[in-house]
Amino acid sequence: MRELQVQTKYGKVQGELLQGASVWKGIPYAKPPVGELRFKAPVQPESWDGIKQATEFGPENIQPRHNSEEMAGQKPPESEDSLYLNIWAPEKESSQPLPVMVWIHGGSFVTGSGSLPVYDGTQLAVRGDVVVVTINYRLGPLGFLHMAPLGKDFVSNAGLLDQVAALQWVKENITAFGGDPNQVTVFGESAGSMSIAALMAMPSAKGLFQRAIMESGASQFMPEEQAVALREGMLKVLGVDRDNLQKLNSMPVEQIMAAAETVKQQIGAGMALLFQPVLDGETLPQIPLQAVSEGSAKDIPILIGTTLHEGSLFIQPHVPYSKEIDMVQGVDFMTPDLENRAAIADSYPKTADGQAQAMTDMFFWRSALQYAAAQQEHAPVWMYRFDWVMPEHPLLQRAIHSIEIFFVFNTLDALKFMKAEPDEAAKALALKVQDAWIAFAKAGKPAVAGIEWPEYRQNRATLIFNHEIEVVHDPESSKRELLGV
C-alpha cells in the first residue's frame, strides 16, 4: 500500500484512497496571488506545520459563468486564491518511480479548472501505472493581461508562469508521491494545448517536462500592440491611470472581471480569444511556432492532433446560417499569414456547418499541422485525428472540440451532462485512446494494439480514432495544400 501521508518540501499532506487510487486534492503550489501579488509572478507557497488535509479540491480561478459550460452541473467554489494542484497515483507502491502526466486544462484562457469531473485522474493512474497531476492557473485578465510594461510590480503571462510554477513544484515534490521528476509528460486540450505550445517556447519552462501531448491547440499568441490596446481599454473602464496603478491590487476582483466583460462587448470580440499568451519579449520572447521551428523544444517528442469537427461545438449544424459571421473576416483573423484567404473562405458552403468546418480547418487543424512540421525537425512527432461520433445525439453527431478528453481520461460517465450514454464500443475505444496516451508517457511513443503507427514525417501519417482505428497518410491533402501547409 502507498503511504497516504506524504512529506512535501512545504509540509505534510494527508490524502485518501478513492476507487483504487491514492488521491491528494487541493495542494497549494504557490502563495495566493491576491493583494500585492495580484498581477505578479507566482511566489513559492508558505510552509505549514502539522498535517494539511488534501481531501478537497481547491477553488477554481474566478471566471465568467455560462450555463452551457457547467460540466459538473453545479457552480463550484471560485476564488482568486486558486493556485492548487491535485494528484492521483496507483494504490500500490511501485519499486520504480512512475512516469508523471501533468494535465493543463482548456477553456479559452478564461474558464475551467483541474478539478472538473471529466479530468478525474483515477482511470489513467490505475490502468496506466502513472502519476497524474491536474492544475489550476490564473485565467482571463488575472492571468493574461499584458501588465509588465506598467513597471516592476507587474508581470505579463501570469497564467503561463503559474503553469511553470506548478511544473517546478512537480519537479521538486513528485518523488514523494511515487513519481519520476525526470519523466514528465505535459498534456492539455484547447487553451491547455496552446499553453503547452507556449511552454515549449518559454526559457523558464526548460527542463521541466520531457514529452508533450497537444490536443486541439497549437501556436497561439497575441501581438503586443493588440495586448496593449486591450490593457488600456481595461484600465479606462476601471478608472485607473498611471498615477494610481496600485488601485489595481486593492479593488474587488469582481470589478476587474466585470471590466473584462465590458471591454469584450466594446470590442465585439465574439468568438475571438480576448485573453491569450502575449509576446512580451521576456516570459514569451518569440511566437511559439517560430521558437519551436528554431529548436526551442529540441528532443521533446510530441503527440498532436485534432477532432474532425472542432468548430461544431461553437457553431452547431442545426443553427441557421449567420450572415453576421463574416467568413472572409474570420479567415483573416485565423490565418493572417495566408495569401489566398478570400478564395479559401469562398470554398466553404454558406451554411452554419460550412462556417464550423472553416473554423476547424483554419484555427485548429492548420495550426496543428504547422506545429507538427516545425517540431519534427527536432524530435519525433505523431499525429492523430479523433473522428468518433454518436449519430443519434444532437451535439455528438459531430466529433466536436473537446470530445476526446472523455476518452483520454476514460470518464465517459461525465457525458451524462450532455444526456449521452456511450455504448460498449465507445468504452472499448476509450481504452485504446488511453493506451496510446499512456504508452507515449511511458516510452515517448504512442501505441495502439494491432496498429502500426508511424511518425508524422512518414508521409504525414495520421492515426484516425473512430469506431475503426486506422492510419491514413496525408488525409485531405488537397485541402491541406489550399491552407498552405
# chains A, B, ... in the order shown; residues from 1 in each chain; ligands from 1
call {"tool": "residues_around", "arguments": {"residues": "stretch 160-175 of chain A", "least_positions_apart": "3", "cutoff": "8 Å", "atoms": "only C-alpha atoms", "output": "PyMOL selection string"}}
result
chain A and resi 8-9+29-30+41-42+44+83+85+97+102+104+135+137-138+143+157+178-182+195+198-199+204-205+208-209+277+283
call {"tool": "write_last_selection", "arguments": {"atoms": "N, CA and C atoms", "output": "PDB file, in the first residue's frame"}}
result
ATOM      1  N   THR A   8       5.935  16.902   1.745  1.00  0.00           N
ATOM      2  CA  THR A   8       6.384  17.736   0.630  1.00  0.00           C
ATOM      3  C   THR A   8       7.448  18.698   1.140  1.00  0.00           C
ATOM      4  N   LYS A   9       7.989  19.485   0.243  1.00  0.00           N
ATOM      5  CA  LYS A   9       9.004  20.478   0.602  1.00  0.00           C
ATOM      6  C   LYS A   9       8.443  21.510   1.594  1.00  0.00           C
ATOM      7  N   TYR A  29       0.541  25.145  -4.712  1.00  0.00           N
ATOM      8  CA  TYR A  29       1.875  25.151  -5.323  1.00  0.00           C
ATOM      9  C   TYR A  29       2.463  26.560  -5.383  1.00  0.00           C
ATOM     10  N   ALA A  30       1.690  27.543  -4.935  1.00  0.00           N
ATOM     11  CA  ALA A  30       2.173  28.936  -4.888  1.00  0.00           C
ATOM     12  C   ALA A  30       1.373  29.670  -3.823  1.00  0.00           C
ATOM     13  N   ALA A  41       4.329  37.600 -10.720  1.00  0.00           N
ATOM     14  CA  ALA A  41       4.673  36.195 -10.970  1.00  0.00           C
ATOM     15  C   ALA A  41       4.371  35.390  -9.710  1.00  0.00           C
ATOM     16  N   PRO A  42       4.042  34.098  -9.864  1.00  0.00           N
ATOM     17  CA  PRO A  42       3.731  33.283  -8.683  1.00  0.00           C
ATOM     18  C   PRO A  42       4.928  33.191  -7.747  1.00  0.00           C
ATOM     19  N   GLN A  44       6.604  31.063  -4.304  1.00  0.00           N
ATOM     20  CA  GLN A  44       6.541  29.758  -3.624  1.00  0.00           C
ATOM     21  C   GLN A  44       5.607  29.808  -2.426  1.00  0.00           C
ATOM     22  N   LEU A  83      -4.412  28.722  -6.783  1.00  0.00           N
ATOM     23  CA  LEU A  83      -3.230  28.045  -7.326  1.00  0.00           C
ATOM     24  C   LEU A  83      -2.953  26.733  -6.575  1.00  0.00           C
ATOM     25  N   LEU A  85      -3.036  22.195  -6.955  1.00  0.00           N
ATOM     26  CA  LEU A  85      -2.967  21.055  -7.867  1.00  0.00           C
ATOM     27  C   LEU A  85      -3.472  19.800  -7.161  1.00  0.00           C
ATOM     28  N   PRO A  97      10.220   4.603  -9.623  1.00  0.00           N
ATOM     29  CA  PRO A  97       9.433   5.833  -9.777  1.00  0.00           C
ATOM     30  C   PRO A  97       8.589   5.756 -11.063  1.00  0.00           C
ATOM     31  N   VAL A 102       1.076  15.541 -16.418  1.00  0.00           N
ATOM     32  CA  VAL A 102       0.542  16.788 -15.862  1.00  0.00           C
ATOM     33  C   VAL A 102      -0.458  17.390 -16.846  1.00  0.00           C
ATOM     34  N   ILE A 104      -3.014  20.178 -18.281  1.00  0.00           N
ATOM     35  CA  ILE A 104      -3.279  21.622 -18.304  1.00  0.00           C
ATOM     36  C   ILE A 104      -4.629  21.815 -18.991  1.00  0.00           C
ATOM     37  N   ILE A 135      -3.875  20.772 -12.658  1.00  0.00           N
ATOM     38  CA  ILE A 135      -3.537  22.060 -12.031  1.00  0.00           C
ATOM     39  C   ILE A 135      -4.572  23.130 -12.365  1.00  0.00           C
ATOM     40  N   TYR A 137      -4.703  27.454 -12.883  1.00  0.00           N
ATOM     41  CA  TYR A 137      -3.828  28.591 -13.138  1.00  0.00           C
ATOM     42  C   TYR A 137      -4.702  29.818 -13.321  1.00  0.00           C
ATOM     43  N   ARG A 138      -4.097  31.005 -13.212  1.00  0.00           N
ATOM     44  CA  ARG A 138      -4.888  32.239 -13.339  1.00  0.00           C
ATOM     45  C   ARG A 138      -5.423  32.397 -14.762  1.00  0.00           C
ATOM     46  N   GLY A 143      -4.780  36.369 -15.447  1.00  0.00           N
ATOM     47  CA  GLY A 143      -3.703  35.527 -15.946  1.00  0.00           C
ATOM     48  C   GLY A 143      -3.036  36.015 -17.214  1.00  0.00           C
ATOM     49  N   ASN A 157       1.654  37.392 -18.873  1.00  0.00           N
ATOM     50  CA  ASN A 157       1.572  35.919 -18.962  1.00  0.00           C
ATOM     51  C   ASN A 157       1.610  35.244 -17.591  1.00  0.00           C
ATOM     52  N   GLY A 178       5.620   9.042  -5.481  1.00  0.00           N
ATOM     53  CA  GLY A 178       5.908   7.882  -6.317  1.00  0.00           C
ATOM     54  C   GLY A 178       6.213   8.207  -7.764  1.00  0.00           C
ATOM     55  N   GLY A 179       6.307   9.505  -8.101  1.00  0.00           N
ATOM     56  CA  GLY A 179       6.537   9.904  -9.491  1.00  0.00           C
ATOM     57  C   GLY A 179       8.000  10.157  -9.804  1.00  0.00           C
ATOM     58  N   ASP A 180       8.324  10.083 -11.090  1.00  0.00           N
ATOM     59  CA  ASP A 180       9.692  10.328 -11.576  1.00  0.00           C
ATOM     60  C   ASP A 180       9.777  11.751 -12.124  1.00  0.00           C
ATOM     61  N   PRO A 181      10.488  12.659 -11.451  1.00  0.00           N
ATOM     62  CA  PRO A 181      10.551  14.052 -11.905  1.00  0.00           C
ATOM     63  C   PRO A 181      11.283  14.226 -13.236  1.00  0.00           C
ATOM     64  N   ASN A 182      11.967  13.172 -13.687  1.00  0.00           N
ATOM     65  CA  ASN A 182      12.676  13.247 -14.969  1.00  0.00           C
ATOM     66  C   ASN A 182      11.919  12.541 -16.090  1.00  0.00           C
ATOM     67  N   SER A 195      -1.260  26.477 -24.339  1.00  0.00           N
ATOM     68  CA  SER A 195      -0.314  26.777 -23.256  1.00  0.00           C
ATOM     69  C   SER A 195       0.951  25.939 -23.408  1.00  0.00           C
ATOM     70  N   ALA A 198       3.193  27.296 -25.900  1.00  0.00           N
ATOM     71  CA  ALA A 198       3.938  28.437 -25.337  1.00  0.00           C
ATOM     72  C   ALA A 198       5.038  27.962 -24.388  1.00  0.00           C
ATOM     73  N   LEU A 199       4.731  26.979 -23.533  1.00  0.00           N
ATOM     74  CA  LEU A 199       5.736  26.463 -22.598  1.00  0.00           C
ATOM     75  C   LEU A 199       6.962  25.935 -23.341  1.00  0.00           C
ATOM     76  N   SER A 204      11.822  29.854 -19.150  1.00  0.00           N
ATOM     77  CA  SER A 204      11.648  29.448 -17.749  1.00  0.00           C
ATOM     78  C   SER A 204      11.083  28.032 -17.601  1.00  0.00           C
ATOM     79  N   ALA A 205      10.540  27.457 -18.698  1.00  0.00           N
ATOM     80  CA  ALA A 205       9.960  26.103 -18.625  1.00  0.00           C
ATOM     81  C   ALA A 205      10.947  25.019 -19.041  1.00  0.00           C
ATOM     82  N   LEU A 208      11.577  21.224 -17.479  1.00  0.00           N
ATOM     83  CA  LEU A 208      10.527  20.855 -16.525  1.00  0.00           C
ATOM     84  C   LEU A 208       9.624  19.736 -17.044  1.00  0.00           C
ATOM     85  N   PHE A 209       9.729  19.406 -18.330  1.00  0.00           N
ATOM     86  CA  PHE A 209       8.978  18.268 -18.877  1.00  0.00           C
ATOM     87  C   PHE A 209       9.755  17.690 -20.048  1.00  0.00           C
ATOM     88  N   PRO A 277      -1.809  34.023 -24.506  1.00  0.00           N
ATOM     89  CA  PRO A 277      -0.389  34.355 -24.317  1.00  0.00           C
ATOM     90  C   PRO A 277       0.026  35.585 -25.123  1.00  0.00           C
ATOM     91  N   THR A 283       8.989  36.761 -20.836  1.00  0.00           N
ATOM     92  CA  THR A 283       8.460  35.443 -20.469  1.00  0.00           C
ATOM     93  C   THR A 283       8.179  34.617 -21.721  1.00  0.00           C
TER      94      THR A 283
END
call {"tool": "residues_around", "arguments": {"residues": "stretch 47-62 of chain A", "least_positions_apart": "6", "cutoff": "6 Å", "atoms": "only C-alpha atoms", "output": "PyMOL selection string"}}
result
chain A and resi 10-15+24-26+77-80+82+84+113
call {"tool": "residues_around", "arguments": {"residues": "A:Thr360", "least_positions_apart": "4", "cutoff": "10 Å", "atoms": "only C-alpha atoms", "output": "ChimeraX atom specification"}}
result
/A:216,306-313,354-356,364-366,400-401
call {"tool": "closest_residue", "arguments": {"among": "A:Val43, A:Ile315, A:Ala425, A:Val131", "to": "A:Lys31", "atoms": "only C-alpha atoms"}}
result
A:Val43
call {"tool": "atom_distance", "arguments": {"atom1": "atom CA of A:His378", "atom2": "atom CA of A:Ala443"}}
result
17.5 Å
call {"tool": "closest_residue", "arguments": {"among": "A:Pro446, A:Pro45, A:Pro475, A:Gly140", "to": "A:Met234", "atoms": "only C-alpha atoms"}}
result
A:Gly140
call {"tool": "residues_around", "arguments": {"residues": "A:Ile213", "least_positions_apart": "2", "cutoff": "8 Å", "atoms": "only C-alpha atoms", "output": "PDB file with N, CA and C atoms, in the first residue's frame"}}
result
ATOM      1  N   THR A 185       5.343  14.145 -18.618  1.00  0.00           N
ATOM      2  CA  THR A 185       4.635  14.465 -19.865  1.00  0.00           C
ATOM      3  C   THR A 185       3.579  15.518 -19.548  1.00  0.00           C
ATOM      4  N   VAL A 186       3.635  16.658 -20.235  1.00  0.00           N
ATOM      5  CA  VAL A 186       2.525  17.611 -20.125  1.00  0.00           C
ATOM      6  C   VAL A 186       1.503  17.243 -21.185  1.00  0.00           C
ATOM      7  N   PHE A 187       0.228  17.288 -20.812  1.00  0.00           N
ATOM      8  CA  PHE A 187      -0.819  17.069 -21.809  1.00  0.00           C
ATOM      9  C   PHE A 187      -1.948  18.037 -21.529  1.00  0.00           C
ATOM     10  N   GLY A 188      -2.581  18.522 -22.592  1.00  0.00           N
ATOM     11  CA  GLY A 188      -3.624  19.525 -22.418  1.00  0.00           C
ATOM     12  C   GLY A 188      -4.443  19.650 -23.678  1.00  0.00           C
ATOM     13  N   SER A 193      -3.587  23.097 -24.502  1.00  0.00           N
ATOM     14  CA  SER A 193      -2.622  22.696 -25.531  1.00  0.00           C
ATOM     15  C   SER A 193      -1.870  23.910 -26.074  1.00  0.00           C
ATOM     16  N   ARG A 211       8.132  15.334 -22.443  1.00  0.00           N
ATOM     17  CA  ARG A 211       7.234  14.958 -23.553  1.00  0.00           C
ATOM     18  C   ARG A 211       5.996  15.834 -23.508  1.00  0.00           C
ATOM     19  N   GLU A 215      -3.680  18.466 -27.613  1.00  0.00           N
ATOM     20  CA  GLU A 215      -4.996  18.136 -28.142  1.00  0.00           C
ATOM     21  C   GLU A 215      -5.721  19.428 -28.550  1.00  0.00           C
ATOM     22  N   ILE A 302       6.437  14.934 -29.435  1.00  0.00           N
ATOM     23  CA  ILE A 302       5.050  15.362 -29.230  1.00  0.00           C
ATOM     24  C   ILE A 302       4.068  14.423 -29.931  1.00  0.00           C
ATOM     25  N   LEU A 303       2.910  14.298 -29.301  1.00  0.00           N
ATOM     26  CA  LEU A 303       1.737  13.653 -29.891  1.00  0.00           C
ATOM     27  C   LEU A 303       0.722  14.775 -30.038  1.00  0.00           C
ATOM     28  N   ILE A 304       0.278  15.031 -31.262  1.00  0.00           N
ATOM     29  CA  ILE A 304      -0.558  16.207 -31.514  1.00  0.00           C
ATOM     30  C   ILE A 304      -1.712  15.821 -32.430  1.00  0.00           C
ATOM     31  N   TRP A 437      -2.038   7.200 -25.072  1.00  0.00           N
ATOM     32  CA  TRP A 437      -1.502   8.309 -24.267  1.00  0.00           C
ATOM     33  C   TRP A 437      -0.540   7.771 -23.201  1.00  0.00           C
TER      34      TRP A 437
END
call {"tool": "select_by_dssp", "arguments": {"residues": "stretch 298-479 of chain A", "states": "helix (DSSP H, G or I)", "output": "PyMOL selection string"}}
result
chain A and resi 310-313+327-334+341-346+352-375+404-408+412-418+424-443+477-479
call {"tool": "residues_around", "arguments": {"residues": "A:Ser347", "least_positions_apart": "5", "cutoff": "10 Å", "atoms": "only C-alpha atoms", "output": "short mmCIF file (atom, residue, chain, number, x, y, z; two decimals) with N, CA and C atoms, in the first residue's frame"}}
result
data_model
loop_
_atom_site.label_atom_id
_atom_site.label_comp_id
_atom_site.auth_asym_id
_atom_site.auth_seq_id
_atom_site.Cartn_x
_atom_site.Cartn_y
_atom_site.Cartn_z
N ARG A 341 -6.79 34.12 -48.82
CA ARG A 341 -7.81 33.99 -47.79
C ARG A 341 -9.24 34.07 -48.34
N ALA A 342 -9.48 35.00 -49.24
CA ALA A 342 -10.84 35.17 -49.78
C ALA A 342 -11.28 33.91 -50.53
N GLY A 354 -20.75 24.84 -42.79
CA GLY A 354 -19.59 25.34 -43.53
C GLY A 354 -18.75 26.28 -42.69
N ALA A 358 -14.88 25.61 -41.48
CA ALA A 358 -13.82 26.60 -41.73
C ALA A 358 -13.04 26.85 -40.44
N LYS A 479 -7.10 19.84 -49.41
CA LYS A 479 -7.49 20.92 -48.50
C LYS A 479 -6.25 21.44 -47.76
N LEU A 482 -4.41 23.77 -50.00
CA LEU A 482 -5.14 25.03 -50.11
C LEU A 482 -4.83 25.93 -48.90
#
call {"tool": "residues_around", "arguments": {"residues": "A:Asp387", "least_positions_apart": "2", "cutoff": "12 Å", "atoms": "only C-alpha atoms", "output": "PyMOL selection string"}}
result
chain A and resi 305-310+384-385+389-391+396-404+426+429+462-470
call {"tool": "closest_residue", "arguments": {"among": "A:Ala197, A:Val240, A:Leu273, A:Ala372", "to": "A:Gly217", "atoms": "only C-alpha atoms"}}
result
A:Ala197
call {"tool": "residues_around", "arguments": {"residues": "A:Met147", "least_positions_apart": "4", "cutoff": "6 Å", "atoms": "only C-alpha atoms", "output": "PyMOL selection string"}}
result
chain A and resi 154-156
call {"tool": "select_by_dssp", "arguments": {"residues": "stretch 5-144 of chain A", "states": "strand (DSSP E)", "output": "number ranges by chain"}}
result
A: 5-7, 12-14, 16-18, 21-28, 51-53, 60-61, 78-79, 84-90, 98-104, 131-135
call {"tool": "write_last_selection", "arguments": {"atoms": "C-alpha atoms", "output": "PDB file, in the first residue's frame"}}
result
ATOM      1  CA  GLN A   5       0.570  10.882   4.424  1.00  0.00           C
ATOM      2  CA  VAL A   6       3.294  12.491   2.331  1.00  0.00           C
ATOM      3  CA  GLN A   7       6.051  14.959   3.223  1.00  0.00           C
ATOM      4  CA  LYS A  12       2.870  17.146   5.229  1.00  0.00           C
ATOM      5  CA  VAL A  13      -0.300  16.377   3.280  1.00  0.00           C
ATOM      6  CA  GLN A  14      -2.843  13.671   4.009  1.00  0.00           C
ATOM      7  CA  GLU A  16      -7.227   9.368   0.754  1.00  0.00           C
ATOM      8  CA  LEU A  17      -7.922   6.165  -1.104  1.00  0.00           C
ATOM      9  CA  LEU A  18     -10.652   6.561  -3.743  1.00  0.00           C
ATOM     10  CA  ALA A  21      -6.256   5.275  -6.451  1.00  0.00           C
ATOM     11  CA  SER A  22      -4.294   7.269  -3.894  1.00  0.00           C
ATOM     12  CA  VAL A  23      -5.572  10.834  -4.242  1.00  0.00           C
ATOM     13  CA  TRP A  24      -4.394  14.202  -2.912  1.00  0.00           C
ATOM     14  CA  LYS A  25      -6.509  17.253  -3.723  1.00  0.00           C
ATOM     15  CA  GLY A  26      -6.027  20.976  -3.305  1.00  0.00           C
ATOM     16  CA  ILE A  27      -2.278  21.123  -2.629  1.00  0.00           C
ATOM     17  CA  PRO A  28      -1.012  24.731  -2.881  1.00  0.00           C
ATOM     18  CA  ILE A  51      -0.717  17.839   8.517  1.00  0.00           C
ATOM     19  CA  LYS A  52      -2.716  19.513   5.753  1.00  0.00           C
ATOM     20  CA  GLN A  53      -5.813  17.527   4.787  1.00  0.00           C
ATOM     21  CA  GLU A  60     -11.426  27.327  -9.308  1.00  0.00           C
ATOM     22  CA  ASN A  61      -9.946  30.581 -10.524  1.00  0.00           C
ATOM     23  CA  GLU A  78     -14.205  30.008  -7.096  1.00  0.00           C
ATOM     24  CA  SER A  79     -11.647  32.496  -5.877  1.00  0.00           C
ATOM     25  CA  TYR A  84      -3.703  24.427  -6.290  1.00  0.00           C
ATOM     26  CA  LEU A  85      -2.967  21.055  -7.867  1.00  0.00           C
ATOM     27  CA  ASN A  86      -4.316  17.525  -7.493  1.00  0.00           C
ATOM     28  CA  ILE A  87      -2.511  14.162  -7.665  1.00  0.00           C
ATOM     29  CA  TRP A  88      -3.661  10.625  -8.448  1.00  0.00           C
ATOM     30  CA  ALA A  89      -1.310   7.629  -8.012  1.00  0.00           C
ATOM     31  CA  PRO A  90      -1.864   3.873  -8.092  1.00  0.00           C
ATOM     32  CA  LEU A  98       6.437   6.136 -12.136  1.00  0.00           C
ATOM     33  CA  PRO A  99       6.038   8.365 -15.207  1.00  0.00           C
ATOM     34  CA  VAL A 100       4.143  11.591 -14.444  1.00  0.00           C
ATOM     35  CA  MET A 101       1.372  13.135 -16.586  1.00  0.00           C
ATOM     36  CA  VAL A 102       0.542  16.788 -15.862  1.00  0.00           C
ATOM     37  CA  TRP A 103      -2.805  17.963 -17.293  1.00  0.00           C
ATOM     38  CA  ILE A 104      -3.279  21.622 -18.304  1.00  0.00           C
ATOM     39  CA  VAL A 131       1.059   9.536 -11.541  1.00  0.00           C
ATOM     40  CA  VAL A 132      -1.485  12.080 -12.821  1.00  0.00           C
ATOM     41  CA  VAL A 133      -1.431  15.755 -11.813  1.00  0.00           C
ATOM     42  CA  THR A 134      -4.082  18.358 -12.697  1.00  0.00           C
ATOM     43  CA  ILE A 135      -3.537  22.060 -12.031  1.00  0.00           C
TER      44      ILE A 135
END
call {"tool": "closest_residue", "arguments": {"among": "A:Tyr119, A:Phe144, A:Phe417, A:Tyr371", "to": "A:Lys40", "atoms": "only C-alpha atoms"}}
result
A:Phe144
call {"tool": "atom_distance", "arguments": {"atom1": "atom CA of A:Ala227", "atom2": "atom CA of A:Asp243"}}
result
20.6 Å
call {"tool": "closest_residue", "arguments": {"among": "A:Asn244, A:Ser94, A:Ser296, A:Gln220", "to": "A:Val278", "atoms": "only C-alpha atoms"}}
result
A:Gln220
call {"tool": "decode", "arguments": {"residues": "stretch 85-160 of chain A", "atoms": "C-alpha atoms", "output": "mmCIF file, in the first residue's frame"}}
result
data_model
loop_
_atom_site.group_PDB
_atom_site.id
_atom_site.type_symbol
_atom_site.label_atom_id
_atom_site.label_comp_id
_atom_site.auth_asym_id
_atom_site.auth_seq_id
_atom_site.Cartn_x
_atom_site.Cartn_y
_atom_site.Cartn_z
ATOM 1 C CA LEU A 85 -2.967 21.055 -7.867
ATOM 2 C CA ASN A 86 -4.316 17.525 -7.493
ATOM 3 C CA ILE A 87 -2.511 14.162 -7.665
ATOM 4 C CA TRP A 88 -3.661 10.625 -8.448
ATOM 5 C CA ALA A 89 -1.310 7.629 -8.012
ATOM 6 C CA PRO A 90 -1.864 3.873 -8.092
ATOM 7 C CA GLU A 91 -2.858 2.398 -4.725
ATOM 8 C CA LYS A 92 0.100 0.009 -4.620
ATOM 9 C CA GLU A 93 3.593 1.370 -4.219
ATOM 10 C CA SER A 94 5.967 0.631 -7.093
ATOM 11 C CA SER A 95 9.601 -0.384 -6.776
ATOM 12 C CA GLN A 96 10.441 2.150 -9.502
ATOM 13 C CA PRO A 97 9.433 5.833 -9.777
ATOM 14 C CA LEU A 98 6.437 6.136 -12.136
ATOM 15 C CA PRO A 99 6.038 8.365 -15.207
ATOM 16 C CA VAL A 100 4.143 11.591 -14.444
ATOM 17 C CA MET A 101 1.372 13.135 -16.586
ATOM 18 C CA VAL A 102 0.542 16.788 -15.862
ATOM 19 C CA TRP A 103 -2.805 17.963 -17.293
ATOM 20 C CA ILE A 104 -3.279 21.622 -18.304
ATOM 21 C CA HIS A 105 -6.977 22.347 -18.751
ATOM 22 C CA GLY A 106 -8.568 24.351 -21.546
ATOM 23 C CA GLY A 107 -11.357 26.920 -21.552
ATOM 24 C CA SER A 108 -10.278 29.724 -23.921
ATOM 25 C CA PHE A 109 -7.902 31.034 -21.218
ATOM 26 C CA VAL A 110 -10.949 32.350 -19.318
ATOM 27 C CA THR A 111 -12.749 29.312 -17.831
ATOM 28 C CA GLY A 112 -12.095 25.812 -16.483
ATOM 29 C CA SER A 113 -10.107 24.146 -13.713
ATOM 30 C CA GLY A 114 -8.173 20.980 -12.970
ATOM 31 C CA SER A 115 -10.985 19.624 -10.783
ATOM 32 C CA LEU A 116 -13.746 19.122 -13.379
ATOM 33 C CA PRO A 117 -15.156 15.562 -13.214
ATOM 34 C CA VAL A 118 -14.079 14.879 -16.799
ATOM 35 C CA TYR A 119 -10.430 15.329 -15.683
ATOM 36 C CA ASP A 120 -10.613 12.750 -12.882
ATOM 37 C CA GLY A 121 -7.213 11.023 -12.983
ATOM 38 C CA THR A 122 -8.282 7.716 -11.405
ATOM 39 C CA GLN A 123 -8.545 5.592 -14.552
ATOM 40 C CA LEU A 124 -5.322 6.923 -16.079
ATOM 41 C CA ALA A 125 -3.340 6.371 -12.870
ATOM 42 C CA VAL A 126 -4.708 2.910 -12.100
ATOM 43 C CA ARG A 127 -4.762 1.484 -15.645
ATOM 44 C CA GLY A 128 -1.562 3.158 -16.731
ATOM 45 C CA ASP A 129 0.518 2.809 -13.593
ATOM 46 C CA VAL A 130 1.368 6.515 -13.826
ATOM 47 C CA VAL A 131 1.059 9.536 -11.541
ATOM 48 C CA VAL A 132 -1.485 12.080 -12.821
ATOM 49 C CA VAL A 133 -1.431 15.755 -11.813
ATOM 50 C CA THR A 134 -4.082 18.358 -12.697
ATOM 51 C CA ILE A 135 -3.537 22.060 -12.031
ATOM 52 C CA ASN A 136 -5.341 25.377 -11.811
ATOM 53 C CA TYR A 137 -3.828 28.591 -13.138
ATOM 54 C CA ARG A 138 -4.888 32.239 -13.339
ATOM 55 C CA LEU A 139 -7.367 32.963 -16.115
ATOM 56 C CA GLY A 140 -8.741 35.930 -18.061
ATOM 57 C CA PRO A 141 -7.433 39.356 -17.039
ATOM 58 C CA LEU A 142 -5.802 37.929 -13.886
ATOM 59 C CA GLY A 143 -3.703 35.527 -15.946
ATOM 60 C CA PHE A 144 -3.230 37.114 -19.346
ATOM 61 C CA LEU A 145 -3.435 40.909 -19.180
ATOM 62 C CA HIS A 146 -0.245 42.444 -20.591
ATOM 63 C CA MET A 147 0.862 44.190 -17.389
ATOM 64 C CA ALA A 148 4.680 44.035 -17.468
ATOM 65 C CA PRO A 149 5.142 47.406 -19.257
ATOM 66 C CA LEU A 150 3.445 49.129 -16.291
ATOM 67 C CA GLY A 151 6.522 48.532 -14.117
ATOM 68 C CA LYS A 152 8.322 46.024 -11.916
ATOM 69 C CA ASP A 153 5.229 45.436 -9.751
ATOM 70 C CA PHE A 154 3.501 43.746 -12.682
ATOM 71 C CA VAL A 155 4.071 40.771 -14.961
ATOM 72 C CA SER A 156 2.620 39.525 -18.255
ATOM 73 C CA ASN A 157 1.572 35.919 -18.962
ATOM 74 C CA ALA A 158 0.926 35.289 -15.253
ATOM 75 C CA GLY A 159 -1.204 32.252 -16.164
ATOM 76 C CA LEU A 160 1.678 30.653 -18.062
#
